[in-house]
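Heads up, input19.tsv below (TSV, C-alpha atoms):
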chain	number	residue	atom	x	y	z
A	1247	MET	CA	-29.16	-3.03	-12.50
A	1248	ASP	CA	-26.59	-2.04	-15.13
A	1249	LEU	CA	-26.35	1.66	-14.23
A	1250	LEU	CA	-25.43	0.72	-10.67
A	1251	LYS	CA	-22.95	-1.99	-11.67
A	1252	GLU	CA	-21.20	0.42	-14.03
A	1253	ARG	CA	-20.98	2.96	-11.22
A	1254	ILE	CA	-19.53	0.40	-8.81
A	1255	LEU	CA	-16.89	-0.55	-11.37
A	1256	ARG	CA	-16.10	3.10	-12.09
A	1257	ASP	CA	-16.17	4.67	-8.61
A	1258	GLY	CA	-16.03	1.79	-6.13
A	1259	ARG	CA	-12.63	1.35	-4.50
A	1260	VAL	CA	-11.76	-2.20	-3.50
A	1261	LYS	CA	-9.76	-2.08	-0.25
A	1262	ASP	CA	-9.29	-5.82	0.22
A	1263	GLU	CA	-11.22	-9.02	-0.55
A	1264	GLN	CA	-13.90	-8.04	1.99
A	1265	ILE	CA	-14.31	-4.27	1.72
A	1266	ILE	CA	-15.30	-2.00	-1.13
A	1267	LYS	CA	-15.75	1.73	-0.66
A	1268	VAL	CA	-18.81	3.10	-2.40
A	1269	ASP	CA	-19.07	6.25	-0.35
A	1270	GLY	CA	-18.58	8.56	-3.31
A	1271	PHE	CA	-22.15	7.90	-4.43
A	1272	LEU	CA	-23.99	5.67	-1.93
A	1273	ASN	CA	-23.26	6.21	1.75
A	1274	HIS	CA	-21.25	9.31	2.55
A	1275	GLN	CA	-21.64	11.49	-0.51
A	1276	ILE	CA	-25.02	10.68	-2.09
A	1277	ASP	CA	-25.61	10.87	-5.84
A	1278	ILE	CA	-29.19	12.11	-6.02
A	1279	CYS	CA	-29.80	11.04	-9.64
A	1280	LEU	CA	-28.53	7.52	-9.05
A	1281	MET	CA	-30.63	7.21	-5.86
A	1282	ASP	CA	-33.66	8.27	-7.85
A	1283	GLU	CA	-33.04	5.56	-10.46
A	1284	ILE	CA	-32.41	2.93	-7.77
A	1285	ALA	CA	-35.63	3.87	-6.01
A	1286	LYS	CA	-37.57	3.54	-9.26
A	1287	GLU	CA	-36.11	0.07	-9.70
A	1288	PHE	CA	-37.27	-0.92	-6.19
A	1289	ARG	CA	-40.69	0.50	-7.09
A	1290	ARG	CA	-40.78	-1.72	-10.16
A	1291	LEU	CA	-39.58	-4.83	-8.31
A	1292	PHE	CA	-42.04	-4.50	-5.41
A	1293	ALA	CA	-44.88	-2.84	-7.32
A	1294	ASP	CA	-47.51	-5.44	-6.42
A	1295	GLU	CA	-46.60	-5.77	-2.76
A	1296	LYS	CA	-49.00	-3.19	-1.30
A	1297	ILE	CA	-46.21	-1.61	0.78
A	1298	THR	CA	-47.45	0.61	3.63
A	1299	LYS	CA	-44.07	1.58	5.08
A	1300	VAL	CA	-40.39	1.61	4.19
A	1301	ILE	CA	-38.11	0.63	7.09
A	1302	THR	CA	-34.34	1.01	7.50
A	1303	ILE	CA	-31.66	1.46	10.18
A	1304	GLU	CA	-29.77	4.71	10.67
A	1305	ALA	CA	-27.59	6.02	9.26
A	1306	SER	CA	-26.39	4.93	5.85
A	1307	GLY	CA	-29.68	3.34	4.78
A	1308	ILE	CA	-31.72	6.49	5.31
A	1309	ALA	CA	-30.88	8.20	2.01
A	1310	ILE	CA	-31.91	5.36	-0.30
A	1311	ALA	CA	-34.88	4.56	1.95
A	1312	CYS	CA	-36.08	8.18	1.56
A	1313	PHE	CA	-36.05	8.00	-2.21
A	1314	THR	CA	-37.75	4.62	-2.14
A	1315	ALA	CA	-40.49	5.85	0.21
A	1316	LEU	CA	-40.99	8.80	-2.14
A	1317	GLN	CA	-41.55	6.37	-5.03
A	1318	PHE	CA	-44.08	4.35	-3.05
A	1319	GLN	CA	-45.60	7.48	-1.47
A	1320	VAL	CA	-45.54	5.87	1.97
A	1321	PRO	CA	-43.87	6.93	5.24
A	1322	LEU	CA	-40.31	5.94	6.04
A	1323	VAL	CA	-39.39	4.82	9.55
A	1324	PHE	CA	-35.77	4.39	10.53
A	1325	ALA	CA	-34.70	2.37	13.56
A	1326	LYS	CA	-32.36	4.31	15.81
A	1327	LYS	CA	-29.03	3.13	17.12
A	1328	SER	CA	-28.97	4.66	20.55
A	1329	GLU	CA	-31.39	6.05	23.06
A	1330	SER	CA	-31.64	9.80	23.40
A	1331	LYS	CA	-33.69	12.03	25.68
A	1332	ASN	CA	-36.18	12.23	22.85
A	1333	ILE	CA	-37.26	8.58	22.94
A	1334	ASP	CA	-40.10	8.28	25.39
A	1335	GLY	CA	-42.68	5.85	24.07
A	1336	GLU	CA	-42.73	2.09	24.19
A	1337	VAL	CA	-40.07	0.75	21.86
A	1338	TYR	CA	-39.22	-2.42	19.98
A	1339	ARG	CA	-35.63	-3.26	20.72
A	1340	THR	CA	-33.10	-5.58	19.10
A	1341	THR	CA	-29.33	-6.11	18.97
A	1342	VAL	CA	-27.32	-5.79	15.79
A	1343	THR	CA	-23.65	-6.61	15.19
A	1344	SER	CA	-21.99	-4.19	12.81
A	1345	PHE	CA	-19.40	-5.76	10.51
A	1346	THR	CA	-17.88	-2.40	9.54
A	1347	LYS	CA	-17.85	-1.00	13.06
A	1348	GLY	CA	-16.85	-4.27	14.72
A	1349	ARG	CA	-19.27	-4.09	17.66
A	1350	ASP	CA	-22.81	-4.79	18.87
A	1351	TYR	CA	-25.37	-2.05	19.27
A	1352	THR	CA	-28.97	-1.79	20.34
A	1353	VAL	CA	-31.51	-0.66	17.77
A	1354	ILE	CA	-34.88	0.76	18.77
A	1355	LEU	CA	-38.07	1.70	16.99
A	1356	GLU	CA	-41.02	3.33	18.73
A	1357	GLN	CA	-43.98	0.97	18.80
A	1358	ARG	CA	-46.43	3.62	17.62
A	1359	TYR	CA	-44.72	3.68	14.21
A	1360	LEU	CA	-45.08	-0.01	13.32
A	1361	SER	CA	-48.15	-2.16	13.76
A	1362	PRO	CA	-49.76	-5.46	12.62
A	1363	GLY	CA	-51.55	-3.72	9.76
A	1364	ASP	CA	-48.29	-2.73	8.10
A	1365	ARG	CA	-46.73	-4.42	5.08
A	1366	ILE	CA	-43.14	-3.26	5.17
A	1367	LEU	CA	-40.33	-3.00	2.68
A	1368	ILE	CA	-36.92	-3.21	4.38
A	1369	ILE	CA	-34.36	-1.12	2.52
A	1370	ASP	CA	-30.63	-0.89	3.04
A	1371	ASP	CA	-27.55	0.30	1.17
A	1372	ILE	CA	-25.37	-2.77	1.84
A	1373	LEU	CA	-26.11	-6.37	2.77
A	1374	ALA	CA	-23.12	-8.37	4.01
A	1375	THR	CA	-23.73	-10.90	6.76
A	1376	GLY	CA	-27.35	-9.77	7.00
A	1377	LYS	CA	-27.20	-8.74	10.66
A	1378	ALA	CA	-28.88	-5.35	10.12
A	1379	GLN	CA	-31.68	-6.94	8.07
A	1380	LYS	CA	-32.17	-9.64	10.70
A	1381	GLY	CA	-32.47	-6.92	13.34
A	1382	LEU	CA	-35.23	-5.24	11.33
A	1383	LEU	CA	-36.93	-8.61	10.75
A	1384	ASP	CA	-36.89	-9.14	14.52
A	1385	ILE	CA	-38.50	-5.73	15.05
A	1386	ALA	CA	-41.13	-6.53	12.39
A	1387	ARG	CA	-41.86	-9.82	14.19
A	1388	GLN	CA	-42.29	-8.01	17.52
A	1389	ALA	CA	-44.66	-5.53	15.85
A	1390	GLY	CA	-46.61	-8.24	14.05
A	1391	ALA	CA	-45.98	-6.38	10.78
A	1392	GLU	CA	-45.80	-8.29	7.54
A	1393	VAL	CA	-42.50	-8.24	5.64
A	1394	ALA	CA	-43.35	-7.75	1.98
A	1395	GLY	CA	-39.76	-7.65	0.85
A	1396	ILE	CA	-36.16	-6.65	1.38
A	1397	GLY	CA	-34.48	-4.29	-1.09
A	1398	VAL	CA	-30.71	-3.93	-1.06
A	1399	VAL	CA	-28.52	-1.74	-3.23
A	1400	ILE	CA	-25.30	-3.77	-3.01
A	1401	GLU	CA	-25.11	-7.32	-1.68
A	1402	LYS	CA	-21.74	-8.77	-0.82
A	1403	GLY	CA	-22.73	-12.25	-1.96
A	1404	PHE	CA	-19.56	-13.89	-0.63
A	1405	GLN	CA	-20.57	-13.03	2.95
A	1406	GLY	CA	-23.66	-15.21	2.72
A	1407	GLY	CA	-26.26	-13.01	4.40
A	1408	GLY	CA	-28.41	-12.60	1.28
A	1409	ASP	CA	-28.51	-16.29	0.42
A	1410	ALA	CA	-29.46	-17.16	4.01
A	1411	LEU	CA	-32.41	-14.72	3.80
A	1412	ARG	CA	-33.46	-16.18	0.41
A	1413	LYS	CA	-33.30	-19.67	1.88
A	1414	ALA	CA	-35.51	-18.49	4.73
A	1415	GLY	CA	-38.10	-17.53	2.11
A	1416	TYR	CA	-37.83	-13.74	2.03
A	1417	ASN	CA	-38.42	-11.83	-1.19
A	1418	ILE	CA	-35.04	-10.17	-1.29
A	1419	GLN	CA	-33.97	-8.11	-4.28
A	1420	SER	CA	-30.38	-6.91	-4.50
A	1421	LEU	CA	-29.63	-4.57	-7.39
A	1422	ALA	CA	-25.99	-5.68	-7.57
A	1423	ILE	CA	-24.53	-8.82	-6.02
A	1424	ILE	CA	-20.76	-8.93	-5.71
A	1425	ASP	CA	-19.52	-12.51	-5.59
A	1426	SER	CA	-15.83	-11.79	-5.24
A	1427	MET	CA	-13.26	-9.00	-5.10
A	1428	LYS	CA	-10.10	-11.07	-5.55
A	1429	ASP	CA	-7.05	-9.12	-6.74
A	1430	GLY	CA	-9.04	-5.91	-6.68
A	1431	THR	CA	-11.44	-7.12	-9.39
A	1432	VAL	CA	-15.17	-6.93	-8.71
A	1433	LYS	CA	-17.11	-9.94	-10.00
A	1434	PHE	CA	-20.89	-9.67	-10.09
A	1435	ARG	CA	-23.31	-12.57	-9.85
A	1436	ASN	CA	-25.35	-13.04	-13.02
B	119	MET	CA	-44.12	27.91	6.75
B	120	ASP	CA	-47.78	27.43	7.68
B	121	LEU	CA	-48.10	23.77	6.66
B	122	LEU	CA	-45.21	22.91	8.98
B	123	LYS	CA	-46.47	25.01	11.89
B	124	GLU	CA	-49.90	23.41	11.64
B	125	ARG	CA	-48.28	20.00	11.68
B	126	ILE	CA	-46.17	20.85	14.74
B	127	LEU	CA	-49.31	22.02	16.57
B	128	ARG	CA	-51.24	18.93	15.51
B	129	ASP	CA	-48.66	16.15	15.93
B	130	GLY	CA	-45.85	17.62	18.04
B	131	ARG	CA	-45.85	16.43	21.64
B	132	VAL	CA	-44.44	18.88	24.16
B	133	LYS	CA	-42.61	16.93	26.88
B	134	ASP	CA	-41.44	19.89	28.96
B	135	GLU	CA	-40.38	23.49	28.35
B	136	GLN	CA	-37.28	22.32	26.48
B	137	ILE	CA	-38.31	19.25	24.51
B	138	ILE	CA	-40.91	18.68	21.82
B	139	LYS	CA	-41.29	15.35	20.04
B	140	VAL	CA	-41.75	15.68	16.31
B	141	ASP	CA	-40.71	12.16	15.46
B	142	GLY	CA	-44.07	11.22	13.97
B	143	PHE	CA	-43.24	13.20	10.84
B	144	LEU	CA	-39.70	14.61	10.97
B	145	ASN	CA	-37.01	12.45	12.55
B	146	HIS	CA	-38.07	8.88	13.28
B	147	GLN	CA	-41.09	8.32	11.06
B	148	ILE	CA	-40.71	10.57	8.00
B	149	ASP	CA	-43.69	12.09	6.22
B	150	ILE	CA	-42.59	12.03	2.60
B	151	CYS	CA	-45.11	14.61	1.35
B	152	LEU	CA	-44.24	17.12	4.08
B	153	MET	CA	-40.52	16.63	3.43
B	154	ASP	CA	-41.12	17.32	-0.23
B	155	GLU	CA	-42.90	20.60	0.58
B	156	ILE	CA	-40.19	21.62	3.05
B	157	ALA	CA	-37.48	20.92	0.50
B	158	LYS	CA	-39.31	23.05	-2.08
B	159	GLU	CA	-39.41	25.89	0.45
B	160	PHE	CA	-35.64	25.61	0.98
B	161	ARG	CA	-35.24	25.65	-2.80
B	162	ARG	CA	-37.24	28.88	-2.96
B	163	LEU	CA	-35.38	30.52	-0.07
B	164	PHE	CA	-31.89	29.68	-1.36
B	165	ALA	CA	-32.69	29.78	-5.09
B	166	ASP	CA	-30.04	32.36	-5.99
B	167	GLU	CA	-27.25	30.92	-3.90
B	168	LYS	CA	-25.61	28.70	-6.53
B	169	ILE	CA	-25.50	25.74	-4.12
B	170	THR	CA	-23.09	22.96	-5.17
B	171	LYS	CA	-23.63	20.62	-2.21
B	172	VAL	CA	-26.05	19.99	0.63
B	173	ILE	CA	-24.34	19.05	3.91
B	174	THR	CA	-25.77	17.55	7.09
B	175	ILE	CA	-24.81	15.35	10.06
B	176	GLU	CA	-26.08	11.83	10.51
B	177	ALA	CA	-28.63	10.65	11.37
B	178	SER	CA	-31.78	12.71	11.76
B	179	GLY	CA	-30.80	15.41	9.25
B	180	ILE	CA	-30.28	12.98	6.39
B	181	ALA	CA	-33.91	12.62	5.34
B	182	ILE	CA	-34.68	16.30	4.89
B	183	ALA	CA	-31.21	16.87	3.40
B	184	CYS	CA	-31.97	14.19	0.77
B	185	PHE	CA	-35.15	15.88	-0.34
B	186	THR	CA	-33.43	19.26	-0.38
B	187	ALA	CA	-30.53	17.95	-2.47
B	188	LEU	CA	-33.09	16.46	-4.87
B	189	GLN	CA	-34.67	19.91	-5.28
B	190	PHE	CA	-31.29	21.54	-5.98
B	191	GLN	CA	-30.09	18.57	-8.05
B	192	VAL	CA	-26.77	18.54	-6.24
B	193	PRO	CA	-25.00	15.84	-4.19
B	194	LEU	CA	-25.65	15.43	-0.49
B	195	VAL	CA	-22.77	14.74	1.89
B	196	PHE	CA	-23.45	13.74	5.47
B	197	ALA	CA	-20.81	13.98	8.18
B	198	LYS	CA	-20.44	10.74	10.12
B	199	LYS	CA	-20.51	10.37	13.86
B	200	SER	CA	-18.02	7.61	14.40
B	201	GLU	CA	-15.17	6.01	12.58
B	202	SER	CA	-15.74	2.68	10.93
B	203	LYS	CA	-13.47	0.33	9.01
B	204	ASN	CA	-14.82	1.99	5.89
B	205	ILE	CA	-13.30	5.41	6.48
B	206	ASP	CA	-9.86	5.38	4.96
B	207	GLY	CA	-9.17	8.74	3.34
B	208	GLU	CA	-8.04	11.99	4.87
B	209	VAL	CA	-10.89	13.41	6.93
B	210	TYR	CA	-12.02	16.72	8.36
B	211	ARG	CA	-12.79	16.22	12.01
B	212	THR	CA	-14.69	18.24	14.59
B	213	THR	CA	-16.35	17.77	17.98
B	214	VAL	CA	-20.06	18.27	18.54
B	215	THR	CA	-21.98	18.27	21.82
B	216	SER	CA	-25.42	16.69	21.51
B	217	PHE	CA	-28.13	18.32	23.61
B	218	THR	CA	-30.52	15.38	23.23
B	219	LYS	CA	-27.88	12.70	23.83
B	220	GLY	CA	-26.05	14.61	26.54
B	221	ARG	CA	-22.51	13.90	25.35
B	222	ASP	CA	-19.71	14.94	22.98
B	223	TYR	CA	-18.95	13.07	19.81
B	224	THR	CA	-16.48	13.33	16.96
B	225	VAL	CA	-17.84	14.06	13.50
B	226	ILE	CA	-15.85	13.32	10.38
B	227	LEU	CA	-16.20	14.05	6.68
B	228	GLU	CA	-13.82	12.69	4.07
B	229	GLN	CA	-11.80	15.51	2.53
B	230	ARG	CA	-12.39	14.32	-1.02
B	231	TYR	CA	-16.09	15.23	-0.70
B	232	LEU	CA	-15.72	18.91	0.23
B	233	SER	CA	-13.39	21.41	-1.39
B	234	PRO	CA	-12.77	25.17	-1.77
B	235	GLY	CA	-14.86	25.31	-4.94
B	236	ASP	CA	-18.02	24.26	-3.08
B	237	ARG	CA	-20.85	26.56	-2.03
B	238	ILE	CA	-22.69	24.56	0.59
B	239	LEU	CA	-26.14	24.61	2.08
B	240	ILE	CA	-26.16	23.20	5.61
B	241	ILE	CA	-29.46	21.46	6.35
B	242	ASP	CA	-30.75	20.07	9.63
B	243	ASP	CA	-34.02	18.98	11.16
B	244	ILE	CA	-33.64	20.80	14.49
B	245	LEU	CA	-31.56	23.77	15.63
B	246	ALA	CA	-31.32	24.22	19.40
B	247	THR	CA	-28.01	25.46	20.80
B	248	GLY	CA	-26.49	25.34	17.32
B	249	LYS	CA	-23.70	22.91	18.20
B	250	ALA	CA	-24.32	20.61	15.23
B	251	GLN	CA	-24.38	23.56	12.83
B	252	LYS	CA	-21.18	24.98	14.34
B	253	GLY	CA	-19.53	21.60	13.82
B	254	LEU	CA	-20.44	21.68	10.13
B	255	LEU	CA	-19.27	25.31	9.86
B	256	ASP	CA	-15.95	24.23	11.33
B	257	ILE	CA	-15.68	21.46	8.74
B	258	ALA	CA	-16.55	23.94	5.96
B	259	ARG	CA	-13.82	26.27	7.25
B	260	GLN	CA	-11.27	23.43	7.23
B	261	ALA	CA	-12.28	22.58	3.66
B	262	GLY	CA	-12.22	26.19	2.50
B	263	ALA	CA	-15.80	25.73	1.24
B	264	GLU	CA	-18.14	28.71	1.14
B	265	VAL	CA	-21.26	28.54	3.33
B	266	ALA	CA	-24.14	29.84	1.21
B	267	GLY	CA	-26.74	29.28	3.89
B	268	ILE	CA	-28.17	27.23	6.72
B	269	GLY	CA	-31.63	25.73	6.39
B	270	VAL	CA	-33.41	24.41	9.47
B	271	VAL	CA	-36.84	22.81	9.74
B	272	ILE	CA	-37.55	23.66	13.40
B	273	GLU	CA	-35.54	26.15	15.42
B	274	LYS	CA	-35.95	26.17	19.20
B	275	GLY	CA	-35.56	29.95	19.41
B	276	PHE	CA	-35.41	29.98	23.20
B	277	GLN	CA	-32.13	28.03	23.14
B	278	GLY	CA	-30.37	30.87	21.33
B	279	GLY	CA	-28.35	28.94	18.75
B	280	GLY	CA	-30.13	30.42	15.75
B	281	ASP	CA	-29.85	34.02	16.87
B	282	ALA	CA	-26.13	33.57	17.57
B	283	LEU	CA	-25.63	32.32	14.01
B	284	ARG	CA	-27.67	35.25	12.62
B	285	LYS	CA	-25.56	37.66	14.65
B	286	ALA	CA	-22.44	36.04	13.19
B	287	GLY	CA	-23.77	36.96	9.74
B	288	TYR	CA	-24.98	33.61	8.39
B	289	ASN	CA	-27.96	33.40	6.07
B	290	ILE	CA	-30.02	31.11	8.25
B	291	GLN	CA	-33.59	30.24	7.37
B	292	SER	CA	-35.72	28.32	9.87
B	293	LEU	CA	-39.14	27.28	8.62
B	294	ALA	CA	-40.65	27.35	12.12
B	295	ILE	CA	-39.13	29.09	15.14
B	296	ILE	CA	-40.53	28.05	18.52
B	297	ASP	CA	-40.04	30.81	21.07
B	298	SER	CA	-41.58	29.06	24.05
B	299	MET	CA	-43.35	25.89	25.15
B	300	LYS	CA	-44.61	27.04	28.55
B	301	ASP	CA	-47.52	25.02	29.98
B	302	GLY	CA	-47.41	22.72	26.97
B	303	THR	CA	-48.32	25.51	24.55
B	304	VAL	CA	-46.12	26.05	21.51
B	305	LYS	CA	-45.57	29.72	20.65
B	306	PHE	CA	-44.01	30.52	17.29
B	307	ARG	CA	-41.95	33.61	16.50
B	308	ASN	CA	-43.63	35.83	13.90

As structure tokens, please, write out the structure in this file.
Amino acid sequence: MDLLKERILRDGRVKDEQIIKVDGFLNHQIDICLMDEIAKEFRRLFADEKITKVITIEASGIAIACFTALQFQVPLVFAKKSESKNIDGEVYRTTVTSFTKGRDYTVILEQRYLSPGDRILIIDDILATGKAQKGLLDIARQAGAEVAGIGVVIEKGFQGGGDALRKAGYNIQSLAIIDSMKDGTVKFRN
Amino acid sequence: MDLLKERILRDGRVKDEQIIKVDGFLNHQIDICLMDEIAKEFRRLFADEKITKVITIEASGIAIACFTALQFQVPLVFAKKSESKNIDGEVYRTTVTSFTKGRDYTVILEQRYLSPGDRILIIDDILATGKAQKGLLDIARQAGAEVAGIGVVIEKGFQGGGDALRKAGYNIQSLAIIDSMKDGTVKFRN
């Protein structure tokens, strides 16, 4: 997606060969117009998939998942990272390792919000090692829900998570795949 | 807002006199159409306020803040609850006590995303004791940003946070104010 790639080149800040900051438009401050265009692109890419729900993990995936759910006119459900007093139903539960936060955490989703009749689209802002996506795939498996696809805004191709999911047969669509950030230069996969 | 109140009565589940679960449409599973209507109502209520940014705290406020920012066509910035490897700039920092999670946490917002020229609209899904809102007000004060208003989907009026903010002079608009939940019956303020 050219608009997104241009924005990454313009406003992304490469910190080292592993980390690029895109929080000026994607996951801290959110550019509403760009999100809208990204969501339309997901709509186009998964148009024939009969999506019934968009699924993501809190927190940074919620914004783009909202816009995507709006395009598909289906509910959004986000898995939660910690238990609060307000979780009381039966939950699906899985463990996710965060690359950026450097630790494991438990992710939960109330069972009433995901069921075998659902065809879900998993949406996230960043895909690196794929741990967050695998957590959501595990929850989908527990629920018996069908995974229609995985939509990612930026895939860090050099961390391998996306290619592993492709190899496993998932319909994964990343709007920009970064293959390297050597010497501060972002190189996209064609 | 009648549509919202009807939905609370229909799908809200009162757990005790303090807690109502609205996660079927507001903060776990998100009803896109309802969010869209709520955001339009915030647009109407704060139409003359020359909003430059919508601000919220992760995670449950992000969805409604997204839709609201879309209505105002301004960026959304969400304060983050914990520090990750990906926070590297100068940050505003404040402490918030969560009623539902029963603990304190630090909230940060990168300084580059909020400045004295901003007129912000603080948006959240729930207002109870007002701690989250006070945290964002503290961040706005540090940034020198002007607070144009506070928009809340559901205010738990009996917890007093909203009235304290009104008394302090803020333009706070709650779309449904619950004044009591005795014997499992939700009573709204007129």

B:Ile268: which residues within 8 Å, counting all atoms listed in the file, same-chain residues fewer than 5 positions away excluded, as a PDB file with C-alpha atoms, keeping the file's coordinate frame?
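Writing the result to around-v2.pdb gives the following:
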ATOM      1  CA  LEU B 239     -26.140  24.610   2.080  1.00  0.00           C
ATOM      2  CA  ILE B 240     -26.160  23.200   5.610  1.00  0.00           C
ATOM      3  CA  ILE B 241     -29.460  21.460   6.350  1.00  0.00           C
ATOM      4  CA  TYR B 288     -24.980  33.610   8.390  1.00  0.00           C
ATOM      5  CA  ASN B 289     -27.960  33.400   6.070  1.00  0.00           C
ATOM      6  CA  ILE B 290     -30.020  31.110   8.250  1.00  0.00           C
ATOM      7  CA  GLN B 291     -33.590  30.240   7.370  1.00  0.00           C
TER       8      GLN B 291
END

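Proximity of B:Ala165, B:Ile296, B:Ala263, B:Ile150 to chain A, computed with all atoms listed in the file, is greatest for B:Ile150.
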
For chain A, work out the contacting residues on chain B at 6 Å, counting all atoms listed in the file, and write them as a short mmCIF file (atom, residue, chain, number, x, y, z; two decimals) with C-alpha atoms, in the frame of the given file.
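Okay, this is what ended up in part_25.cif:
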data_model
loop_
_atom_site.label_atom_id
_atom_site.label_comp_id
_atom_site.auth_asym_id
_atom_site.auth_seq_id
_atom_site.Cartn_x
_atom_site.Cartn_y
_atom_site.Cartn_z
CA HIS B 146 -38.07 8.88 13.28
CA GLN B 147 -41.09 8.32 11.06
CA ILE B 148 -40.71 10.57 8.00
CA ASP B 149 -43.69 12.09 6.22
CA ILE B 150 -42.59 12.03 2.60
CA ALA B 177 -28.63 10.65 11.37
CA LEU B 188 -33.09 16.46 -4.87
CA PRO B 193 -25.00 15.84 -4.19
CA LEU B 194 -25.65 15.43 -0.49
CA VAL B 195 -22.77 14.74 1.89
CA PHE B 196 -23.45 13.74 5.47
CA SER B 202 -15.74 2.68 10.93
CA LYS B 203 -13.47 0.33 9.01
CA THR B 218 -30.52 15.38 23.23
CA LYS B 219 -27.88 12.70 23.83
#

Nearest-residue call for B:Gly279, choices B:Leu293, B:Ala246, B:Val214, B:Ile257, using all atoms listed in the file: B:Ala246

Coordinates-based distance that separates atom CA of A:Arg1253 from atom CA of B:Glu208 (Å, one decimal): 22.5 Å

Separation of atom CA of A:Glu1295 from atom CA of A:Gly1381, in Å and rounded to one decimal: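 Interatomic distance here is 21.5 Å.
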
Ref. answer, residues at most 12 Å from (-19.5, 35.4, 10.9) with all atoms listed in the file, as an MDAnalysis selection string: chainID B and resid 252 255:256 259 264:265 267 282:290

Nearby residues (all atoms listed in the file) at most 10 Å from B:Gln277, same-chain spacing under 6 positions excluded, as JSON, numbers by chain: {"B": [136, 245, 246, 247, 248, 296, 297, 298]}

One-decimal distance in Å that lies between atom CA of A:Pro1362 and atom CA of A:Gly1390: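 Between these atoms lies a distance of 4.4 Å.
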
For B:Gly302, please output as a PDB file with C-alpha atoms, in the frame of the given file all residues within 8 Å (counting only C-alpha atoms; exclusion window: fewer than 6 positions along the same chain).
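As a result, part-v2.pdb now contains:
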ATOM      1  CA  VAL B 132     -44.440  18.880  24.160  1.00  0.00           C
ATOM      2  CA  LYS B 133     -42.610  16.930  26.880  1.00  0.00           C
ATOM      3  CA  ASP B 134     -41.440  19.890  28.960  1.00  0.00           C
ATOM      4  CA  GLU B 135     -40.380  23.490  28.350  1.00  0.00           C
TER       5      GLU B 135
END

Contacts of B:Thr213 at 8 Å (all atoms listed in the file; same-chain gap of 4+ positions) as a list of chain:residue names: B:Asp222, B:Tyr223, B:Thr224, B:Val225, B:Gly253
